[in-house]
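What follows is a short report on a single structure.
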Number of protein chains: 2
Amino acid sequence: MKNFAIGIDIGGTNTVLGVVDIEGNVLVRDSINTPSHGDIDKYMDELSVAVQGMIKSVKLLNEDSAILGIGVGAPNANYYSGTIEYAPNLSFKGVIRLTDKLKAKFPTYVIAITNDANAAALGEMIYGGAKGMKNFAMYTLGTGVGSGLVVNGDLVYGHDGFAGECGHTTLIPDGRLCGCGSLGHLEAYCSAPGMKRTAFDLMVKYNATDSLLATKSFKDLNSKDIFEAAQKGDKIALEVFELTGKYLGQGLADTVHHLSPEAIFLFGGPVAAGDLIFKPTIAHMEQYLLPIFRNKIKVLPSKLNAGDAAIVGASALVWQEIQKSK
Amino acid sequence: MKNFAIGIDIGGTNTVLGVVDIEGNVLVRDSINTPSHGDIDKYMDELSVAVQGMIKSVKLLNEDSAILGIGVGAPNANYYSGTIEYAPNLSFKGVIRLTDKLKAKFPTYVIAITNDANAAALGEMIYGGAKGMKNFAMYTLGTGVGSGLVVNGDLVYGHDGFAGECGHTTLIPDGRLCGCGSLGHLEAYCSAPGMKRTAFDLMVKYNATDSLLATKSFKDLNSKDIFEAAQKGDKIALEVFELTGKYLGQGLADTVHHLSPEAIFLFGGPVAAGDLIFKPTIAHMEQYLLPIFRNKIKVLPSKLNAGDAAIVGASALVWQEIQKSK
């Protein structure tokens, strides 16, 4: 008997799902639109048709298989209550009791939900580079900056289920406007749009009309452009990575001072830049650390496959729930 | 049969100890010098004579009593290894295996050690305002700023036992020199000496020769002077509290974004200033928070008796160890 878990990632435009084995291999994948109509029950019907389809195809591929449960990653998801609450990028309004709705469709399955960054951290622990680690953190760098924190082998959910929002720690008092409305948060500096803002900051500072980045509009420039320019030796682009590392290093040091993790994993687009981002991040983190923490904390790229990470992370919830119930 | 725990707090100049019941009442107290001679074995002999004396006096006071263990709070103490490591304010050099040494003297007792701020957090949980809370943080404001973090009912020790150093999160990049050698850490702003530095900052800014604080030297001015001046309506002193609250609020918001605690307790001298410090701290914390956390997090004064808190906090380790072993 081979066991599988289903992972579902609910994004703003698409919902991706897949069947994952205990090694993190994705057996089958599917995807449906996350609707803009806001009708959650209609969406649940569509989602359960897709899940039923996957269950059938797994049986066809491997007769001696069992699906143990469904893990869901979603924005503003609350592990404790099984809800998605006031997610700004989804059309479903208010508090959605998602796990109850899934349980009604699949009553025999283990079902759990958490936010996408927490799911990524669990994925890293069950399948990736954090296997065997009891204390680590994960930062996911993308349009925003998410994080998942693991203490004593468990995800930190906190009192109300919303812990692990390290993207909203304050780096610069009264600094840049963050998407959440506050000023100076890490996300406003270390997300992909944050790197773009840093690039324009530097072009302003040096009046750098000769930079490879100077030909694109504020709306169009993206982090891939910055990476490509850095690879060509563009000074502004290189300094963007240096500064992004400085900002991120400050944030990681705060996490170390809170939790003393064994490692911090970085996930997302900018991570592909390798040394360009890791070197300044580590150097600046070390500079902010208390001596007792220096040269101890590993800062590592996530080992999750970027393409499948959302599905794989969500599916990790199932194994974690089964482990906990033992 | 009435049960008791012994609490020992090892400070730079004095070691205080006491016998504490499960309600946090201190039955007997004692104190010996923390020696400057650096001879740990000689000190352990003196300490165990003091402990033996306390055990005898408890028996005299209450024949039907049992002492269950000894909890120790000390700077740079490591819960996992039972050691004090390179404590800058103690004369004992290197790594001191303190719990092993105590076990040799008192083999039948539960024995555990942690740093003083962690001990205070445990004290708050076992005896104080955090009774029944599973997720909370405690900041201790004094010569330095310590912290103890509780997640899922357990103190966070992290990978190496040194977690919970929130006094060393960075508030202002390239800001004030912290005692640890880094720049811009919270401790350089929110400790008692930090408040003194803020007072001089403001006198410089406004050239405030008429402030009540303007008659004391940089060496002599202390946080009590600032509190007394604030009570008399001194504008500089009032702004010191306002700014200290702003700094502290920024730090507390970072802790909330990491851990989503039910409450944050403040302990130490400045806390006695009440609204003067709590109002700006809460207002600024709220301003830095993500909407999902706003108006949810309680910021409360510690309920531990300031005079006994070190002993009481250390003794809490004993009950916590007994609870864990069940």
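To be explicit about the labels: the chains of the structure tokens are called A, B, and onward in the order shown, and within each one the residues are counted from 1, while ligands get numbers from 1 in the order they are shown.
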Sort by chain and increasing residue number a table of all residues of chain B within 8 Å of chain A, each with its closest pair of atoms and their distance in Å to one decimal, counting only C-alpha atoms, and write it as JSON lines.
{"residue": "B:Lys134", "atom": "CA", "partner": "A:His159", "partner_atom": "CA", "distance": 7.4}
{"residue": "B:Asn135", "atom": "CA", "partner": "A:His159", "partner_atom": "CA", "distance": 5.6}
{"residue": "B:Leu149", "atom": "CA", "partner": "A:His258", "partner_atom": "CA", "distance": 7.9}
{"residue": "B:Val151", "atom": "CA", "partner": "A:Gly158", "partner_atom": "CA", "distance": 6.8}
{"residue": "B:Asn152", "atom": "CA", "partner": "A:Gly158", "partner_atom": "CA", "distance": 7.5}
{"residue": "B:Val156", "atom": "CA", "partner": "A:Leu259", "partner_atom": "CA", "distance": 6.8}
{"residue": "B:Tyr157", "atom": "CA", "partner": "A:Leu259", "partner_atom": "CA", "distance": 7.2}
{"residue": "B:Gly158", "atom": "CA", "partner": "A:Ser260", "partner_atom": "CA", "distance": 4.7}
{"residue": "B:His159", "atom": "CA", "partner": "A:Pro261", "partner_atom": "CA", "distance": 5.3}
{"residue": "B:Asp160", "atom": "CA", "partner": "A:Ser260", "partner_atom": "CA", "distance": 6.8}
{"residue": "B:Gly161", "atom": "CA", "partner": "A:Ser260", "partner_atom": "CA", "distance": 7.6}
{"residue": "B:Phe162", "atom": "CA", "partner": "A:Ser260", "partner_atom": "CA", "distance": 6.3}
{"residue": "B:Ala163", "atom": "CA", "partner": "A:Ser260", "partner_atom": "CA", "distance": 4.6}
{"residue": "B:Gly164", "atom": "CA", "partner": "A:His258", "partner_atom": "CA", "distance": 4.7}
{"residue": "B:Glu165", "atom": "CA", "partner": "A:His257", "partner_atom": "CA", "distance": 4.8}
{"residue": "B:Cys166", "atom": "CA", "partner": "A:His258", "partner_atom": "CA", "distance": 5.6}
{"residue": "B:His168", "atom": "CA", "partner": "A:His257", "partner_atom": "CA", "distance": 6.5}
{"residue": "B:Thr169", "atom": "CA", "partner": "A:Asp254", "partner_atom": "CA", "distance": 4.8}
{"residue": "B:Thr170", "atom": "CA", "partner": "A:Asp254", "partner_atom": "CA", "distance": 6.7}
{"residue": "B:Leu171", "atom": "CA", "partner": "A:Leu171", "partner_atom": "CA", "distance": 7.0}
{"residue": "B:Ile172", "atom": "CA", "partner": "A:Ile172", "partner_atom": "CA", "distance": 6.5}
{"residue": "B:Pro173", "atom": "CA", "partner": "A:Ile172", "partner_atom": "CA", "distance": 7.1}
{"residue": "B:Cys180", "atom": "CA", "partner": "A:Leu290", "partner_atom": "CA", "distance": 6.3}
{"residue": "B:Ser182", "atom": "CA", "partner": "A:Tyr288", "partner_atom": "CA", "distance": 5.8}
{"residue": "B:Leu183", "atom": "CA", "partner": "A:Tyr288", "partner_atom": "CA", "distance": 7.3}
{"residue": "B:Gln250", "atom": "CA", "partner": "A:Thr170", "partner_atom": "CA", "distance": 7.0}
{"residue": "B:Ala253", "atom": "CA", "partner": "A:Thr169", "partner_atom": "CA", "distance": 7.0}
{"residue": "B:Asp254", "atom": "CA", "partner": "A:Thr169", "partner_atom": "CA", "distance": 4.8}
{"residue": "B:Thr255", "atom": "CA", "partner": "A:His258", "partner_atom": "CA", "distance": 7.5}
{"residue": "B:Val256", "atom": "CA", "partner": "A:Ala163", "partner_atom": "CA", "distance": 7.5}
{"residue": "B:His257", "atom": "CA", "partner": "A:Glu165", "partner_atom": "CA", "distance": 4.8}
{"residue": "B:His258", "atom": "CA", "partner": "A:Gly164", "partner_atom": "CA", "distance": 4.7}
{"residue": "B:Leu259", "atom": "CA", "partner": "A:Ala163", "partner_atom": "CA", "distance": 4.8}
{"residue": "B:Ser260", "atom": "CA", "partner": "A:Ala163", "partner_atom": "CA", "distance": 4.6}
{"residue": "B:Pro261", "atom": "CA", "partner": "A:His159", "partner_atom": "CA", "distance": 5.3}
{"residue": "B:Glu262", "atom": "CA", "partner": "A:His159", "partner_atom": "CA", "distance": 5.3}
{"residue": "B:Gln287", "atom": "CA", "partner": "A:Ser182", "partner_atom": "CA", "distance": 7.0}
{"residue": "B:Tyr288", "atom": "CA", "partner": "A:Ser182", "partner_atom": "CA", "distance": 5.8}
{"residue": "B:Leu289", "atom": "CA", "partner": "A:Ser182", "partner_atom": "CA", "distance": 7.3}
{"residue": "B:Leu290", "atom": "CA", "partner": "A:Cys180", "partner_atom": "CA", "distance": 6.4}
{"residue": "B:Pro291", "atom": "CA", "partner": "A:Cys180", "partner_atom": "CA", "distance": 7.5}
{"residue": "B:Ile292", "atom": "CA", "partner": "A:Phe162", "partner_atom": "CA", "distance": 7.9}
Could you please write out, as an MDAnalysis selection string, every residue of stretch 73-178 of chain A that DSSP assigns to helix (DSSP H, G or I)? chainID A and resid 98:105 116:126 166:168
As a PyMOL selection string, please: every residue in stretch 29-233 of chain A that DSSP puts in strand (DSSP E or B). chain A and resi 29-33+65-73+77-78+83-85+95-96+110-114+136-141+145-151+154-155+170+177+183+185
Same residues, C-alpha atoms, saved as an mmCIF file, in the first residue's frame:
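What follows is the written file selection37.cif:
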data_model
loop_
_atom_site.group_PDB
_atom_site.id
_atom_site.type_symbol
_atom_site.label_atom_id
_atom_site.label_comp_id
_atom_site.auth_asym_id
_atom_site.auth_seq_id
_atom_site.Cartn_x
_atom_site.Cartn_y
_atom_site.Cartn_z
ATOM 1 C CA ARG A 29 -1.284 17.831 -11.075
ATOM 2 C CA ASP A 30 -4.352 19.841 -11.941
ATOM 3 C CA SER A 31 -5.485 23.433 -11.844
ATOM 4 C CA ILE A 32 -8.784 25.315 -11.842
ATOM 5 C CA ASN A 33 -9.594 29.012 -11.866
ATOM 6 C CA SER A 65 -2.691 3.272 -3.161
ATOM 7 C CA ALA A 66 -4.409 5.220 -0.390
ATOM 8 C CA ILE A 67 -5.017 8.950 -0.138
ATOM 9 C CA LEU A 68 -4.797 9.987 3.491
ATOM 10 C CA GLY A 69 -5.890 13.574 3.408
ATOM 11 C CA ILE A 70 -6.002 17.046 1.911
ATOM 12 C CA GLY A 71 -3.774 19.954 2.910
ATOM 13 C CA VAL A 72 -4.662 23.468 1.778
ATOM 14 C CA GLY A 73 -2.456 26.532 1.532
ATOM 15 C CA ALA A 77 -5.776 31.002 6.282
ATOM 16 C CA ASN A 78 -6.145 30.139 9.956
ATOM 17 C CA THR A 83 -10.952 29.340 7.918
ATOM 18 C CA ILE A 84 -9.857 31.839 5.296
ATOM 19 C CA GLU A 85 -10.478 35.285 6.788
ATOM 20 C CA VAL A 95 -14.775 34.353 7.015
ATOM 21 C CA ILE A 96 -14.889 31.175 4.900
ATOM 22 C CA VAL A 110 -7.496 14.260 7.285
ATOM 23 C CA ILE A 111 -8.051 17.907 6.316
ATOM 24 C CA ALA A 112 -6.087 20.968 7.368
ATOM 25 C CA ILE A 113 -5.358 24.469 6.128
ATOM 26 C CA THR A 114 -2.667 27.065 6.743
ATOM 27 C CA PHE A 136 14.094 26.800 11.848
ATOM 28 C CA ALA A 137 12.530 29.657 9.929
ATOM 29 C CA MET A 138 11.526 30.074 6.316
ATOM 30 C CA TYR A 139 11.190 33.359 4.447
ATOM 31 C CA THR A 140 9.328 33.328 1.125
ATOM 32 C CA LEU A 141 10.301 36.220 -1.120
ATOM 33 C CA VAL A 145 7.364 38.398 1.927
ATOM 34 C CA GLY A 146 5.876 35.534 3.932
ATOM 35 C CA SER A 147 7.398 33.420 6.658
ATOM 36 C CA GLY A 148 6.876 30.190 8.531
ATOM 37 C CA LEU A 149 8.493 29.536 11.915
ATOM 38 C CA VAL A 150 9.123 26.129 13.451
ATOM 39 C CA VAL A 151 9.837 25.788 17.195
ATOM 40 C CA ASP A 154 5.902 22.475 15.421
ATOM 41 C CA LEU A 155 4.789 25.380 13.268
ATOM 42 C CA THR A 170 9.825 47.054 10.916
ATOM 43 C CA LEU A 177 4.887 52.458 2.732
ATOM 44 C CA LEU A 183 5.647 52.224 7.222
ATOM 45 C CA HIS A 185 8.146 46.962 6.977
#
I need the residue nearest B:Gly245 from this list: B:Phe278, B:Tyr79, B:Phe218, B:Trp319. Use only C-alpha atoms for the distance.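 When distances to B:Gly245 are compared using only C-alpha atoms, the smallest one comes from B:Phe278.
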Env of B:Asn14: 12 Å cut, atoms = only C-alpha atoms, seq-sep filter 4 positions within chain, self excluded. Answer as a PDB file with N, CA, C and O atoms, in the first residue's frame.
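Saved the output as part_37.pdb:
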ATOM      1  N   ILE B   8      17.099  30.283  42.927  1.00  0.00           N
ATOM      2  CA  ILE B   8      18.402  30.948  43.118  1.00  0.00           C
ATOM      3  C   ILE B   8      18.622  31.885  41.942  1.00  0.00           C
ATOM      4  O   ILE B   8      18.506  31.474  40.785  1.00  0.00           O
ATOM      5  N   ASP B   9      18.929  33.133  42.225  1.00  0.00           N
ATOM      6  CA  ASP B   9      19.268  34.073  41.149  1.00  0.00           C
ATOM      7  C   ASP B   9      20.712  34.529  41.319  1.00  0.00           C
ATOM      8  O   ASP B   9      21.064  35.151  42.320  1.00  0.00           O
ATOM      9  N   ILE B  10      21.517  34.198  40.321  1.00  0.00           N
ATOM     10  CA  ILE B  10      22.940  34.546  40.386  1.00  0.00           C
ATOM     11  C   ILE B  10      23.153  35.862  39.649  1.00  0.00           C
ATOM     12  O   ILE B  10      23.027  35.925  38.417  1.00  0.00           O
ATOM     13  N   ASP B  30      17.490  34.318  51.481  1.00  0.00           N
ATOM     14  CA  ASP B  30      18.877  34.476  51.919  1.00  0.00           C
ATOM     15  C   ASP B  30      19.659  35.098  50.771  1.00  0.00           C
ATOM     16  O   ASP B  30      19.147  35.220  49.648  1.00  0.00           O
ATOM     17  N   SER B  31      20.872  35.455  51.047  1.00  0.00           N
ATOM     18  CA  SER B  31      21.695  36.068  50.001  1.00  0.00           C
ATOM     19  C   SER B  31      23.167  35.861  50.351  1.00  0.00           C
ATOM     20  O   SER B  31      23.553  35.920  51.519  1.00  0.00           O
ATOM     21  N   ILE B  32      23.972  35.548  49.363  1.00  0.00           N
ATOM     22  CA  ILE B  32      25.432  35.486  49.573  1.00  0.00           C
ATOM     23  C   ILE B  32      26.088  36.327  48.478  1.00  0.00           C
ATOM     24  O   ILE B  32      25.456  36.655  47.467  1.00  0.00           O
ATOM     25  N   ASN B  33      27.349  36.662  48.689  1.00  0.00           N
ATOM     26  CA  ASN B  33      28.066  37.377  47.633  1.00  0.00           C
ATOM     27  C   ASN B  33      28.309  36.455  46.444  1.00  0.00           C
ATOM     28  O   ASN B  33      28.654  35.292  46.617  1.00  0.00           O
ATOM     29  N   THR B  34      28.126  36.985  45.238  1.00  0.00           N
ATOM     30  CA  THR B  34      28.675  36.285  44.074  1.00  0.00           C
ATOM     31  C   THR B  34      30.135  36.717  44.032  1.00  0.00           C
ATOM     32  O   THR B  34      30.423  37.902  43.873  1.00  0.00           O
ATOM     33  N   PRO B  35      31.064  35.780  44.226  1.00  0.00           N
ATOM     34  CA  PRO B  35      32.451  36.196  44.462  1.00  0.00           C
ATOM     35  C   PRO B  35      33.139  36.754  43.220  1.00  0.00           C
ATOM     36  O   PRO B  35      32.732  36.488  42.091  1.00  0.00           O
ATOM     37  N   SER B  36      34.166  37.514  43.461  1.00  0.00           N
ATOM     38  CA  SER B  36      34.976  38.040  42.361  1.00  0.00           C
ATOM     39  C   SER B  36      36.232  37.194  42.168  1.00  0.00           C
ATOM     40  O   SER B  36      37.020  37.451  41.271  1.00  0.00           O
ATOM     41  N   TYR B  43      32.752  28.698  45.423  1.00  0.00           N
ATOM     42  CA  TYR B  43      31.424  29.325  45.409  1.00  0.00           C
ATOM     43  C   TYR B  43      30.317  28.285  45.582  1.00  0.00           C
ATOM     44  O   TYR B  43      29.357  28.502  46.328  1.00  0.00           O
ATOM     45  N   LEU B  47      27.445  28.260  48.316  1.00  0.00           N
ATOM     46  CA  LEU B  47      26.043  28.239  47.900  1.00  0.00           C
ATOM     47  C   LEU B  47      25.309  27.054  48.531  1.00  0.00           C
ATOM     48  O   LEU B  47      24.174  27.184  49.001  1.00  0.00           O
ATOM     49  N   ALA B  74      20.356  32.772  35.807  1.00  0.00           N
ATOM     50  CA  ALA B  74      21.715  33.330  35.743  1.00  0.00           C
ATOM     51  C   ALA B  74      21.950  33.915  34.363  1.00  0.00           C
ATOM     52  O   ALA B  74      21.338  33.467  33.387  1.00  0.00           O
ATOM     53  N   ASN B  89      29.515  39.389  33.230  1.00  0.00           N
ATOM     54  CA  ASN B  89      29.457  40.035  34.547  1.00  0.00           C
ATOM     55  C   ASN B  89      29.804  39.103  35.707  1.00  0.00           C
ATOM     56  O   ASN B  89      29.694  39.496  36.863  1.00  0.00           O
ATOM     57  N   LEU B  90      30.182  37.859  35.413  1.00  0.00           N
ATOM     58  CA  LEU B  90      30.549  36.927  36.489  1.00  0.00           C
ATOM     59  C   LEU B  90      32.046  36.644  36.410  1.00  0.00           C
ATOM     60  O   LEU B  90      32.643  36.697  35.336  1.00  0.00           O
ATOM     61  N   ALA B 310      13.176  37.718  40.992  1.00  0.00           N
ATOM     62  CA  ALA B 310      14.312  36.910  40.546  1.00  0.00           C
ATOM     63  C   ALA B 310      14.258  35.519  41.179  1.00  0.00           C
ATOM     64  O   ALA B 310      14.406  34.498  40.499  1.00  0.00           O
TER      65      ALA B 310
END
Which residue is closest to A:Val49? Choose from A:Lys216, A:Lys279, A:Lys105, A:Arg176 and count only C-alpha atoms.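 Among the listed residues, A:Lys105 lies closest to A:Val49.
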Polymer residues at most 7 Å from B:Thr244, only C-alpha atoms, same-chain spacing of 5 or more positions, as a PyMOL selection string: chain B and resi 189-190+195
